[in-house]
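The structure file entry_29.csv is reproduced below (CSV, N, CA and C atoms).
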chain,number,residue,atom,x,y,z
A,8,MET,N,0.8,-1.2,0.0
A,8,MET,CA,0.0,0.0,0.0
A,8,MET,C,0.9,1.2,0.0
A,9,HIS,N,0.5,2.2,-0.7
A,9,HIS,CA,1.2,3.5,-0.8
A,9,HIS,C,0.2,4.6,-0.6
A,10,ILE,N,0.6,5.6,0.2
A,10,ILE,CA,-0.3,6.8,0.5
A,10,ILE,C,0.4,8.0,0.1
A,11,THR,N,-0.3,8.8,-0.8
A,11,THR,CA,0.2,10.1,-1.2
A,11,THR,C,-0.6,11.2,-0.5
A,12,VAL,N,0.1,12.2,-0.1
A,12,VAL,CA,-0.6,13.3,0.6
A,12,VAL,C,-0.4,14.6,-0.2
A,13,SER,N,-1.6,15.3,-0.4
A,13,SER,CA,-1.5,16.6,-1.0
A,13,SER,C,-2.5,17.6,-0.3
A,14,GLU,N,-2.1,18.8,-0.5
A,14,GLU,CA,-2.9,19.9,0.2
A,14,GLU,C,-3.7,20.6,-0.9
A,15,VAL,N,-5.0,20.9,-0.7
A,15,VAL,CA,-5.8,21.6,-1.7
A,15,VAL,C,-6.5,22.8,-0.9
A,16,GLN,N,-6.6,23.9,-1.5
A,16,GLN,CA,-7.3,25.0,-0.9
A,16,GLN,C,-8.7,25.1,-1.5
A,17,GLY,N,-9.7,24.8,-0.7
A,17,GLY,CA,-11.1,25.1,-1.1
A,17,GLY,C,-11.6,26.3,-0.3
A,18,THR,N,-12.8,26.3,0.2
A,18,THR,CA,-13.2,27.4,1.1
A,18,THR,C,-12.4,27.3,2.4
A,19,VAL,N,-11.9,26.1,2.7
A,19,VAL,CA,-11.0,25.9,3.8
A,19,VAL,C,-9.9,25.0,3.3
A,20,PRO,N,-8.8,24.9,4.0
A,20,PRO,CA,-7.7,24.0,3.6
A,20,PRO,C,-8.2,22.5,3.7
A,21,VAL,N,-7.8,21.7,2.7
A,21,VAL,CA,-8.2,20.3,2.7
A,21,VAL,C,-7.0,19.5,2.4
A,22,THR,N,-6.8,18.4,3.1
A,22,THR,CA,-5.7,17.4,2.8
A,22,THR,C,-6.4,16.2,2.1
A,23,VAL,N,-5.7,15.8,1.1
A,23,VAL,CA,-6.2,14.6,0.3
A,23,VAL,C,-5.2,13.5,0.6
A,24,LEU,N,-5.6,12.4,1.1
A,24,LEU,CA,-4.8,11.2,1.2
A,24,LEU,C,-5.3,10.2,0.1
A,25,GLN,N,-4.4,10.0,-0.8
A,25,GLN,CA,-4.7,9.1,-1.9
A,25,GLN,C,-4.1,7.7,-1.5
A,26,ILE,N,-4.9,6.7,-1.4
A,26,ILE,CA,-4.4,5.4,-1.0
A,26,ILE,C,-4.4,4.5,-2.2
A,27,GLN,N,-3.2,3.9,-2.4
A,27,GLN,CA,-3.1,2.9,-3.5
A,27,GLN,C,-2.8,1.6,-3.0
A,28,GLY,N,-3.6,0.6,-3.4
A,28,GLY,CA,-3.4,-0.8,-2.9
A,28,GLY,C,-4.4,-1.2,-2.0
A,29,GLU,N,-4.4,-2.5,-1.6
A,29,GLU,CA,-5.3,-3.1,-0.7
A,29,GLU,C,-5.1,-2.6,0.7
A,30,ILE,N,-6.2,-2.5,1.5
A,30,ILE,CA,-6.1,-2.1,2.9
A,30,ILE,C,-6.6,-3.4,3.7
A,31,ASP,N,-5.7,-3.9,4.5
A,31,ASP,CA,-6.0,-5.1,5.2
A,31,ASP,C,-5.3,-5.1,6.5
A,32,ALA,N,-5.4,-6.2,7.2
A,32,ALA,CA,-4.8,-6.3,8.6
A,32,ALA,C,-3.3,-6.0,8.6
A,33,SER,N,-2.6,-6.2,7.5
A,33,SER,CA,-1.2,-6.0,7.5
A,33,SER,C,-0.8,-4.6,7.4
A,34,ASN,N,-1.7,-3.7,7.0
A,34,ASN,CA,-1.3,-2.3,6.8
A,34,ASN,C,-2.3,-1.2,7.2
A,35,TYR,N,-3.4,-1.6,7.7
A,35,TYR,CA,-4.5,-0.6,8.0
A,35,TYR,C,-4.0,0.5,9.0
A,36,GLN,N,-3.1,0.1,9.9
A,36,GLN,CA,-2.6,1.1,10.9
A,36,GLN,C,-1.8,2.2,10.2
A,37,ARG,N,-1.3,1.9,9.0
A,37,ARG,CA,-0.5,3.0,8.3
A,37,ARG,C,-1.5,4.1,7.9
A,38,VAL,N,-2.7,3.8,7.5
A,38,VAL,CA,-3.7,4.8,7.2
A,38,VAL,C,-4.0,5.7,8.4
A,39,THR,N,-4.2,5.1,9.5
A,39,THR,CA,-4.4,5.9,10.7
A,39,THR,C,-3.2,6.7,11.1
A,40,ALA,N,-2.0,6.1,11.0
A,40,ALA,CA,-0.8,6.9,11.3
A,40,ALA,C,-0.6,8.1,10.4
A,41,ARG,N,-0.9,7.9,9.1
A,41,ARG,CA,-0.7,9.0,8.1
A,41,ARG,C,-1.7,10.1,8.4
A,42,ALA,N,-2.9,9.7,8.8
A,42,ALA,CA,-3.9,10.7,9.1
A,42,ALA,C,-3.5,11.5,10.4
A,43,LYS,N,-3.0,10.7,11.3
A,43,LYS,CA,-2.5,11.4,12.6
A,43,LYS,C,-1.4,12.4,12.3
A,44,GLN,N,-0.5,12.0,11.4
A,44,GLN,CA,0.6,12.9,11.0
A,44,GLN,C,0.0,14.2,10.4
A,45,ALA,N,-1.0,14.0,9.6
A,45,ALA,CA,-1.6,15.2,8.9
A,45,ALA,C,-2.3,16.0,10.0
A,46,TYR,N,-3.0,15.4,10.9
A,46,TYR,CA,-3.7,16.1,12.0
A,46,TYR,C,-2.7,16.9,12.8
A,47,ASP,N,-1.7,16.2,13.2
A,47,ASP,CA,-0.6,16.9,14.0
A,47,ASP,C,0.0,18.1,13.3
A,48,ALA,N,0.0,18.0,12.0
A,48,ALA,CA,0.5,19.1,11.2
A,48,ALA,C,-0.5,20.2,10.9
A,49,GLY,N,-1.7,20.1,11.4
A,49,GLY,CA,-2.7,21.1,11.3
A,49,GLY,C,-3.9,20.8,10.4
A,50,THR,N,-4.0,19.6,9.8
A,50,THR,CA,-5.1,19.2,9.0
A,50,THR,C,-6.3,19.1,9.8
A,51,ARG,N,-7.5,19.6,9.4
A,51,ARG,CA,-8.7,19.4,10.1
A,51,ARG,C,-9.8,18.9,9.2
A,52,ASN,N,-9.6,19.0,7.9
A,52,ASN,CA,-10.5,18.5,6.9
A,52,ASN,C,-9.8,17.6,5.9
A,53,LEU,N,-10.3,16.4,5.7
A,53,LEU,CA,-9.6,15.3,5.0
A,53,LEU,C,-10.5,14.6,4.0
A,54,VAL,N,-9.9,14.4,2.8
A,54,VAL,CA,-10.6,13.6,1.8
A,54,VAL,C,-9.7,12.3,1.6
A,55,LEU,N,-10.3,11.2,1.8
A,55,LEU,CA,-9.6,9.9,1.6
A,55,LEU,C,-10.0,9.4,0.2
A,56,ASP,N,-9.0,9.5,-0.7
A,56,ASP,CA,-9.2,9.1,-2.1
A,56,ASP,C,-9.0,7.6,-2.2
A,57,LEU,N,-10.1,6.8,-2.4
A,57,LEU,CA,-10.1,5.4,-2.4
A,57,LEU,C,-10.1,4.8,-3.9
A,58,SER,N,-9.9,5.7,-4.9
A,58,SER,CA,-10.0,5.3,-6.3
A,58,SER,C,-9.1,4.2,-6.7
A,59,GLU,N,-8.0,4.0,-6.0
A,59,GLU,CA,-7.0,3.0,-6.3
A,59,GLU,C,-6.9,1.9,-5.2
A,60,VAL,N,-8.0,1.7,-4.5
A,60,VAL,CA,-8.1,0.7,-3.5
A,60,VAL,C,-9.0,-0.4,-4.0
A,61,PRO,N,-8.4,-1.5,-4.5
A,61,PRO,CA,-9.2,-2.6,-5.1
A,61,PRO,C,-9.9,-3.5,-4.1
A,62,PHE,N,-9.4,-3.5,-2.8
A,62,PHE,CA,-9.9,-4.4,-1.8
A,62,PHE,C,-9.8,-3.7,-0.4
A,63,MET,N,-10.8,-3.9,0.4
A,63,MET,CA,-10.8,-3.4,1.8
A,63,MET,C,-11.3,-4.5,2.7
A,64,ALA,N,-10.4,-4.9,3.6
A,64,ALA,CA,-10.8,-5.9,4.6
A,64,ALA,C,-11.5,-5.2,5.8
A,65,SER,N,-12.1,-5.9,6.7
A,65,SER,CA,-12.8,-5.3,7.8
A,65,SER,C,-11.9,-4.4,8.7
A,66,SER,N,-10.6,-4.7,8.7
A,66,SER,CA,-9.6,-3.9,9.5
A,66,SER,C,-9.6,-2.5,8.9
A,67,ALA,N,-9.9,-2.4,7.6
A,67,ALA,CA,-9.9,-1.0,7.0
A,67,ALA,C,-11.0,-0.2,7.6
A,68,LEU,N,-12.1,-0.8,7.9
A,68,LEU,CA,-13.2,-0.1,8.6
A,68,LEU,C,-12.7,0.5,9.9
A,69,VAL,N,-11.9,-0.2,10.6
A,69,VAL,CA,-11.4,0.3,11.9
A,69,VAL,C,-10.5,1.5,11.5
A,70,ALA,N,-9.7,1.4,10.5
A,70,ALA,CA,-8.9,2.6,10.1
A,70,ALA,C,-9.7,3.8,9.7
A,71,LEU,N,-10.7,3.6,8.9
A,71,LEU,CA,-11.6,4.7,8.5
A,71,LEU,C,-12.2,5.4,9.8
A,72,HIS,N,-12.7,4.5,10.7
A,72,HIS,CA,-13.3,5.0,11.9
A,72,HIS,C,-12.3,5.8,12.7
A,73,SER,N,-11.1,5.3,12.8
A,73,SER,CA,-10.1,5.9,13.6
A,73,SER,C,-9.7,7.3,13.0
A,74,VAL,N,-9.7,7.3,11.7
A,74,VAL,CA,-9.4,8.6,11.0
A,74,VAL,C,-10.4,9.6,11.3
A,75,ALA,N,-11.7,9.2,11.3
A,75,ALA,CA,-12.8,10.1,11.6
A,75,ALA,C,-12.7,10.7,13.0
A,76,LEU,N,-12.3,9.8,14.0
A,76,LEU,CA,-12.1,10.2,15.3
A,76,LEU,C,-11.0,11.2,15.4
A,77,LEU,N,-9.9,10.9,14.8
A,77,LEU,CA,-8.7,11.8,14.8
A,77,LEU,C,-9.0,13.2,14.3
A,78,MET,N,-9.8,13.3,13.2
A,78,MET,CA,-10.1,14.6,12.6
A,78,MET,C,-11.1,15.3,13.5
A,79,ARG,N,-11.7,14.7,14.5
A,79,ARG,CA,-12.6,15.3,15.5
A,79,ARG,C,-11.8,15.7,16.7
A,80,GLY,N,-10.5,15.3,16.7
A,80,GLY,CA,-9.7,15.6,17.9
A,80,GLY,C,-9.8,14.6,19.0
A,81,GLU,N,-10.3,13.4,18.6
A,81,GLU,CA,-10.5,12.3,19.6
A,81,GLU,C,-9.5,11.2,19.4
A,82,ALA,N,-9.3,10.5,20.5
A,82,ALA,CA,-8.4,9.3,20.4
A,82,ALA,C,-9.1,8.2,19.7
A,83,PRO,N,-8.4,7.5,18.7
A,83,PRO,CA,-9.0,6.4,18.1
A,83,PRO,C,-9.0,5.2,19.0
A,84,PRO,N,-9.8,4.1,18.8
A,84,PRO,CA,-9.8,3.0,19.6
A,84,PRO,C,-8.4,2.2,19.5
A,85,ASP,N,-8.0,1.5,20.5
A,85,ASP,CA,-6.8,0.8,20.5
A,85,ASP,C,-6.9,-0.4,19.5
A,86,PRO,N,-6.0,-0.4,18.5
A,86,PRO,CA,-6.2,-1.5,17.5
A,86,PRO,C,-6.0,-2.9,18.1
A,87,ASP,N,-5.4,-3.0,19.2
A,87,ASP,CA,-5.2,-4.3,19.9
A,87,ASP,C,-6.5,-4.7,20.6
A,88,ALA,N,-7.5,-3.8,20.6
A,88,ALA,CA,-8.7,-4.1,21.3
A,88,ALA,C,-9.6,-5.1,20.5
A,89,GLY,N,-9.3,-5.4,19.3
A,89,GLY,CA,-10.0,-6.3,18.5
A,89,GLY,C,-11.4,-6.0,18.3
A,90,TRP,N,-12.3,-6.8,18.7
A,90,TRP,CA,-13.8,-6.6,18.5
A,90,TRP,C,-14.3,-5.3,19.2
A,91,GLY,N,-13.6,-4.9,20.2
A,91,GLY,CA,-14.0,-3.7,20.9
A,91,GLY,C,-13.9,-2.5,20.0
A,92,ALA,N,-12.9,-2.5,19.1
A,92,ALA,CA,-12.7,-1.4,18.1
A,92,ALA,C,-13.9,-1.4,17.1
A,93,LEU,N,-14.3,-2.6,16.7
A,93,LEU,CA,-15.4,-2.8,15.8
A,93,LEU,C,-16.7,-2.4,16.4
A,94,ARG,N,-16.9,-2.7,17.7
A,94,ARG,CA,-18.1,-2.3,18.4
A,94,ARG,C,-18.2,-0.8,18.5
A,95,SER,N,-17.1,-0.1,18.7
A,95,SER,CA,-17.2,1.3,18.8
A,95,SER,C,-17.6,1.9,17.5
A,96,ILE,N,-17.4,1.3,16.4
A,96,ILE,CA,-17.9,1.8,15.1
A,96,ILE,C,-19.4,1.8,15.1
A,97,ASP,N,-20.0,0.7,15.7
A,97,ASP,CA,-21.5,0.7,15.7
A,97,ASP,C,-22.1,1.9,16.4
A,98,ARG,N,-21.5,2.2,17.5
A,98,ARG,CA,-22.0,3.4,18.3
A,98,ARG,C,-21.8,4.7,17.5
A,99,GLU,N,-20.7,4.8,16.8
A,99,GLU,CA,-20.4,6.1,16.0
A,99,GLU,C,-21.3,6.2,14.8
A,100,ARG,N,-21.6,5.1,14.1
A,100,ARG,CA,-22.4,5.1,12.9
A,100,ARG,C,-23.7,5.8,13.1
A,101,GLU,N,-24.3,5.6,14.3
A,101,GLU,CA,-25.6,6.2,14.6
A,101,GLU,C,-25.5,7.7,14.9
A,102,ALA,N,-24.3,8.2,15.0
A,102,ALA,CA,-24.1,9.7,15.3
A,102,ALA,C,-24.3,10.5,14.1
A,103,GLY,N,-24.3,9.9,12.9
A,103,GLY,CA,-24.5,10.7,11.7
A,103,GLY,C,-23.2,10.9,10.9
A,104,LEU,N,-23.4,11.7,9.8
A,104,LEU,CA,-22.2,11.9,8.9
A,104,LEU,C,-21.1,12.6,9.5
A,105,GLN,N,-19.9,12.3,9.1
A,105,GLN,CA,-18.7,12.9,9.6
A,105,GLN,C,-18.6,14.3,8.9
A,106,GLN,N,-18.2,15.3,9.6
A,106,GLN,CA,-18.1,16.6,9.1
A,106,GLN,C,-16.7,16.9,8.5
A,107,HIS,N,-15.7,16.2,9.0
A,107,HIS,CA,-14.3,16.5,8.6
A,107,HIS,C,-13.6,15.5,7.8
A,108,VAL,N,-14.3,14.4,7.4
A,108,VAL,CA,-13.7,13.3,6.6
A,108,VAL,C,-14.7,13.0,5.5
A,109,LYS,N,-14.2,13.0,4.2
A,109,LYS,CA,-15.1,12.6,3.1
A,109,LYS,C,-14.3,11.5,2.3
A,110,LEU,N,-15.1,10.6,1.7
A,110,LEU,CA,-14.5,9.5,0.9
A,110,LEU,C,-14.7,9.9,-0.6
A,111,LEU,N,-13.7,9.5,-1.4
A,111,LEU,CA,-13.7,9.8,-2.8
A,111,LEU,C,-13.5,8.6,-3.6
A,112,ASN,N,-14.4,8.4,-4.6
A,112,ASN,CA,-14.3,7.3,-5.6
A,112,ASN,C,-14.0,5.9,-5.2
A,113,PRO,N,-14.7,5.4,-4.2
A,113,PRO,CA,-14.4,3.9,-3.9
A,113,PRO,C,-14.8,3.1,-5.1
A,114,GLN,N,-13.9,2.1,-5.3
A,114,GLN,CA,-14.2,1.1,-6.4
A,114,GLN,C,-15.4,0.3,-6.0
A,115,PRO,N,-16.1,-0.4,-6.9
A,115,PRO,CA,-17.3,-1.1,-6.6
A,115,PRO,C,-17.2,-2.1,-5.5
A,116,LYS,N,-16.2,-2.9,-5.4
A,116,LYS,CA,-16.0,-3.8,-4.3
A,116,LYS,C,-15.9,-3.1,-3.0
A,117,VAL,N,-15.1,-2.0,-3.0
A,117,VAL,CA,-14.9,-1.3,-1.7
A,117,VAL,C,-16.2,-0.6,-1.3
A,118,GLU,N,-16.9,-0.1,-2.3
A,118,GLU,CA,-18.2,0.6,-2.0
A,118,GLU,C,-19.2,-0.4,-1.4
A,119,ARG,N,-19.2,-1.6,-1.9
A,119,ARG,CA,-20.1,-2.7,-1.3
A,119,ARG,C,-19.7,-2.9,0.2
A,120,VAL,N,-18.5,-3.0,0.5
A,120,VAL,CA,-18.0,-3.2,1.9
A,120,VAL,C,-18.5,-2.0,2.7
A,121,LEU,N,-18.3,-0.8,2.2
A,121,LEU,CA,-18.8,0.4,3.0
A,121,LEU,C,-20.3,0.4,3.2
A,122,LYS,N,-21.0,0.0,2.2
A,122,LYS,CA,-22.5,-0.1,2.4
A,122,LYS,C,-22.9,-1.2,3.3
A,123,MET,N,-22.3,-2.4,3.2
A,123,MET,CA,-22.6,-3.5,4.1
A,123,MET,C,-22.3,-3.1,5.5
A,124,ALA,N,-21.3,-2.3,5.8
A,124,ALA,CA,-21.0,-1.9,7.1
A,124,ALA,C,-21.7,-0.7,7.6
A,125,GLY,N,-22.5,-0.1,6.7
A,125,GLY,CA,-23.3,1.0,7.1
A,125,GLY,C,-22.5,2.3,7.0
A,126,PHE,N,-21.3,2.3,6.4
A,126,PHE,CA,-20.5,3.5,6.4
A,126,PHE,C,-21.0,4.5,5.4
A,127,ASP,N,-21.9,4.2,4.6
A,127,ASP,CA,-22.5,5.2,3.7
A,127,ASP,C,-23.4,6.1,4.5
A,128,ARG,N,-23.7,5.7,5.7
A,128,ARG,CA,-24.4,6.6,6.7
A,128,ARG,C,-23.5,7.4,7.6
A,129,PHE,N,-22.2,7.0,7.5
A,129,PHE,CA,-21.2,7.6,8.4
A,129,PHE,C,-20.3,8.6,7.7
A,130,PHE,N,-20.1,8.3,6.4
A,130,PHE,CA,-19.2,9.2,5.6
A,130,PHE,C,-20.0,9.6,4.3
A,131,GLU,N,-19.8,10.9,3.9
A,131,GLU,CA,-20.2,11.3,2.6
A,131,GLU,C,-19.3,10.7,1.6
A,132,VAL,N,-19.8,10.2,0.5
A,132,VAL,CA,-19.0,9.6,-0.6
A,132,VAL,C,-19.2,10.5,-1.8
A,133,TYR,N,-18.1,10.8,-2.4
A,133,TYR,CA,-18.1,11.7,-3.6
A,133,TYR,C,-17.4,10.9,-4.8
A,134,THR,N,-17.8,11.3,-6.0
A,134,THR,CA,-17.2,10.8,-7.2
A,134,THR,C,-16.3,11.9,-7.9
A,135,ASP,N,-16.4,13.1,-7.4
A,135,ASP,CA,-15.7,14.2,-8.0
A,135,ASP,C,-14.9,14.9,-6.9
A,136,GLN,N,-13.5,15.0,-7.0
A,136,GLN,CA,-12.7,15.6,-6.0
A,136,GLN,C,-13.1,17.0,-5.7
A,137,GLU,N,-13.3,17.8,-6.7
A,137,GLU,CA,-13.7,19.2,-6.5
A,137,GLU,C,-15.0,19.3,-5.6
A,138,GLU,N,-15.9,18.5,-5.9
A,138,GLU,CA,-17.2,18.5,-5.1
A,138,GLU,C,-16.9,18.1,-3.6
A,139,ALA,N,-16.0,17.1,-3.5
A,139,ALA,CA,-15.6,16.6,-2.1
A,139,ALA,C,-15.0,17.8,-1.4
A,140,ILE,N,-14.1,18.5,-2.0
A,140,ILE,CA,-13.4,19.6,-1.4
A,140,ILE,C,-14.3,20.7,-1.1
A,141,ALA,N,-15.2,21.0,-2.0
A,141,ALA,CA,-16.2,22.1,-1.8
A,141,ALA,C,-17.2,21.8,-0.7
A,142,SER,N,-17.3,20.5,-0.3
A,142,SER,CA,-18.3,20.1,0.7
A,142,SER,C,-17.9,20.5,2.1
A,143,PHE,N,-16.7,21.0,2.3
A,143,PHE,CA,-16.3,21.4,3.7
A,143,PHE,C,-16.7,22.8,4.0

Translate the structure described by the file into structure tokens.
Amino acid sequence: MHITVSEVQGTVPVTVLQIQGEIDASNYQRVTARAKQAYDAGTRNLVLDLSEVPFMASSALVALHSVALLMRGEAPPDPDAGWGALRSIDREREAGLQQHVKLLNPQPKVERVLKMAGFDRFFEVYTDQEEAIASF
């Protein structure tokens, strides 16, 4: 997996993390770590470009949830907590759409995983980067 970071100026500054490759148990923590680096550097609005992610395991859902918490200034769940981290996603999904993290161009297989997990009610999903950036 490779992650590219770029900064875009919309009505507010937005960081775009473009992820290339599969997200699974072997690398999902890298997504969270990269988002934390961006947050620590001042990022408060983030677009996760999933256009080059052909596969997303359940551990990727933990990563996405953790990124949303980070962008709200909250601590993500302990990745070693296992099912506890996944259960915390259930509680958060009911809180509504995230204001500081948007998803861009998930491939069909990834989009199905997001919908099955109910993440389409947790994240706004865009097919156009300019629209995603303008949504903040």

Notebook entry, point to check: Any idea what's packed within 12 Å of A:Gln36, counting only C-alpha atoms, ignoring anything in its chain fewer than 4 positions away? Could you give it as a list in words?
Noted result: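 Selected residues are Met8, Ile30, Asp31, Ala32, Ala40, Arg41, Ala42, Lys43, Ser66, Ala67, Leu68, Val69, Ala70, Leu71, His72, Ser73, Val74, Pro83, Pro84, Asp85, Pro86 and Asp87 of chain A.
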
Next item on the list: Show which residues sit within 5 Å of A:Leu53, as an NGL selection string. Count only N, CA and C atoms, and ignore same-chain residues fewer than 4 positions away.
Entry: :A and (22 or 107-109)

Next item on the list: If you run DSSP over the backbone, which residues in stretch 13-135 of chain A end up helix (DSSP H, G or I)? Put them as a VMD selection string.
Entry: chain A and resid 35 to 47 65 to 78 86 to 88 90 to 100 115 to 123 126 to 128

Item checked: One-decimal distance in Å that lies between atom N of A:Glu81 and atom N of A:Ile26 ->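 Calculated distance between atom N of A:Ile26 and atom N of A:Glu81 is 21.8 Å.
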
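Here atom N of A:Lys116 stands at a distance of 27.8 Å from atom N of A:Tyr46.
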
From a DSSP pass on the backbone, collect the residues of chain A flagged as strand (DSSP E or B) and hand them back as a tab-separated table (two decimals) with N, CA and C atoms, in the coordinates of the input.
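out35.tsv, freshly written:
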chain	number	residue	atom	x	y	z
A	9	HIS	N	0.50	2.20	-0.70
A	9	HIS	CA	1.20	3.50	-0.80
A	9	HIS	C	0.20	4.60	-0.60
A	10	ILE	N	0.60	5.60	0.20
A	10	ILE	CA	-0.30	6.80	0.50
A	10	ILE	C	0.40	8.00	0.10
A	11	THR	N	-0.30	8.80	-0.80
A	11	THR	CA	0.20	10.10	-1.20
A	11	THR	C	-0.60	11.20	-0.50
A	12	VAL	N	0.10	12.20	-0.10
A	12	VAL	CA	-0.60	13.30	0.60
A	12	VAL	C	-0.40	14.60	-0.20
A	13	SER	N	-1.60	15.30	-0.40
A	13	SER	CA	-1.50	16.60	-1.00
A	13	SER	C	-2.50	17.60	-0.30
A	14	GLU	N	-2.10	18.80	-0.50
A	14	GLU	CA	-2.90	19.90	0.20
A	14	GLU	C	-3.70	20.60	-0.90
A	15	VAL	N	-5.00	20.90	-0.70
A	15	VAL	CA	-5.80	21.60	-1.70
A	15	VAL	C	-6.50	22.80	-0.90
A	16	GLN	N	-6.60	23.90	-1.50
A	16	GLN	CA	-7.30	25.00	-0.90
A	16	GLN	C	-8.70	25.10	-1.50
A	20	PRO	N	-8.80	24.90	4.00
A	20	PRO	CA	-7.70	24.00	3.60
A	20	PRO	C	-8.20	22.50	3.70
A	21	VAL	N	-7.80	21.70	2.70
A	21	VAL	CA	-8.20	20.30	2.70
A	21	VAL	C	-7.00	19.50	2.40
A	22	THR	N	-6.80	18.40	3.10
A	22	THR	CA	-5.70	17.40	2.80
A	22	THR	C	-6.40	16.20	2.10
A	23	VAL	N	-5.70	15.80	1.10
A	23	VAL	CA	-6.20	14.60	0.30
A	23	VAL	C	-5.20	13.50	0.60
A	24	LEU	N	-5.60	12.40	1.10
A	24	LEU	CA	-4.80	11.20	1.20
A	24	LEU	C	-5.30	10.20	0.10
A	25	GLN	N	-4.40	10.00	-0.80
A	25	GLN	CA	-4.70	9.10	-1.90
A	25	GLN	C	-4.10	7.70	-1.50
A	26	ILE	N	-4.90	6.70	-1.40
A	26	ILE	CA	-4.40	5.40	-1.00
A	26	ILE	C	-4.40	4.50	-2.20
A	27	GLN	N	-3.20	3.90	-2.40
A	27	GLN	CA	-3.10	2.90	-3.50
A	27	GLN	C	-2.80	1.60	-3.00
A	30	ILE	N	-6.20	-2.50	1.50
A	30	ILE	CA	-6.10	-2.10	2.90
A	30	ILE	C	-6.60	-3.40	3.70
A	53	LEU	N	-10.30	16.40	5.70
A	53	LEU	CA	-9.60	15.30	5.00
A	53	LEU	C	-10.50	14.60	4.00
A	54	VAL	N	-9.90	14.40	2.80
A	54	VAL	CA	-10.60	13.60	1.80
A	54	VAL	C	-9.70	12.30	1.60
A	55	LEU	N	-10.30	11.20	1.80
A	55	LEU	CA	-9.60	9.90	1.60
A	55	LEU	C	-10.00	9.40	0.20
A	56	ASP	N	-9.00	9.50	-0.70
A	56	ASP	CA	-9.20	9.10	-2.10
A	56	ASP	C	-9.00	7.60	-2.20
A	57	LEU	N	-10.10	6.80	-2.40
A	57	LEU	CA	-10.10	5.40	-2.40
A	57	LEU	C	-10.10	4.80	-3.90
A	58	SER	N	-9.90	5.70	-4.90
A	58	SER	CA	-10.00	5.30	-6.30
A	58	SER	C	-9.10	4.20	-6.70
A	59	GLU	N	-8.00	4.00	-6.00
A	59	GLU	CA	-7.00	3.00	-6.30
A	59	GLU	C	-6.90	1.90	-5.20
A	63	MET	N	-10.80	-3.90	0.40
A	63	MET	CA	-10.80	-3.40	1.80
A	63	MET	C	-11.30	-4.50	2.70
A	108	VAL	N	-14.30	14.40	7.40
A	108	VAL	CA	-13.70	13.30	6.60
A	108	VAL	C	-14.70	13.00	5.50
A	109	LYS	N	-14.20	13.00	4.20
A	109	LYS	CA	-15.10	12.60	3.10
A	109	LYS	C	-14.30	11.50	2.30
A	110	LEU	N	-15.10	10.60	1.70
A	110	LEU	CA	-14.50	9.50	0.90
A	110	LEU	C	-14.70	9.90	-0.60
A	111	LEU	N	-13.70	9.50	-1.40
A	111	LEU	CA	-13.70	9.80	-2.80
A	111	LEU	C	-13.50	8.60	-3.60
A	131	GLU	N	-19.80	10.90	3.90
A	131	GLU	CA	-20.20	11.30	2.60
A	131	GLU	C	-19.30	10.70	1.60
A	132	VAL	N	-19.80	10.20	0.50
A	132	VAL	CA	-19.00	9.60	-0.60
A	132	VAL	C	-19.20	10.50	-1.80
A	133	TYR	N	-18.10	10.80	-2.40
A	133	TYR	CA	-18.10	11.70	-3.60
A	133	TYR	C	-17.40	10.90	-4.80

Item checked: Residue contacts of A:Asn112 (6 Å, only C-alpha atoms) excluding same-chain residues fewer than 6 positions away, as a list of chain:residue names ->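 Residues near the query, excluding close chain neighbours: A:Leu57, A:Ser58, A:Thr134.
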
Check: Any idea what the distance is between atom CA of A:Ser65 and atom CA of A:Val15?
Finding: 29.4 Å

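Considering the residues A:Asp127, A:Ala64, A:Gln44, A:Arg51 and counting all atoms listed in the file, A:Gln106 has its shortest atom-to-atom contact with A:Arg51.
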
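Here the question is which of A:Ala75, A:Leu104, A:Ile140, A:Val60 gets nearest to A:Val120 using only C-alpha atoms, and that residue is A:Val60.
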
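Closest approach to A:Leu111 from the set A:Pro61, A:Gln25, A:Phe126, A:Thr39 is made by A:Gln25, with distances taken over only C-alpha atoms.
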
Checklist line | Of the listed residues A:Glu131, A:Glu138, A:Asp47, A:Glu59, that which approaches A:Thr18 most closely, counting only C-alpha atoms | finding: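 Going through A:Glu131, A:Glu138, A:Asp47, A:Glu59 one by one, the smallest distance to A:Thr18 is for A:Glu138.
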
Check: For A:Phe62, which residue among A:Val21, A:Glu29, A:Leu76, A:Gly125 is the nearest when counting only C-alpha atoms?
Finding: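 Selected residue with least distance to A:Phe62: A:Glu29.
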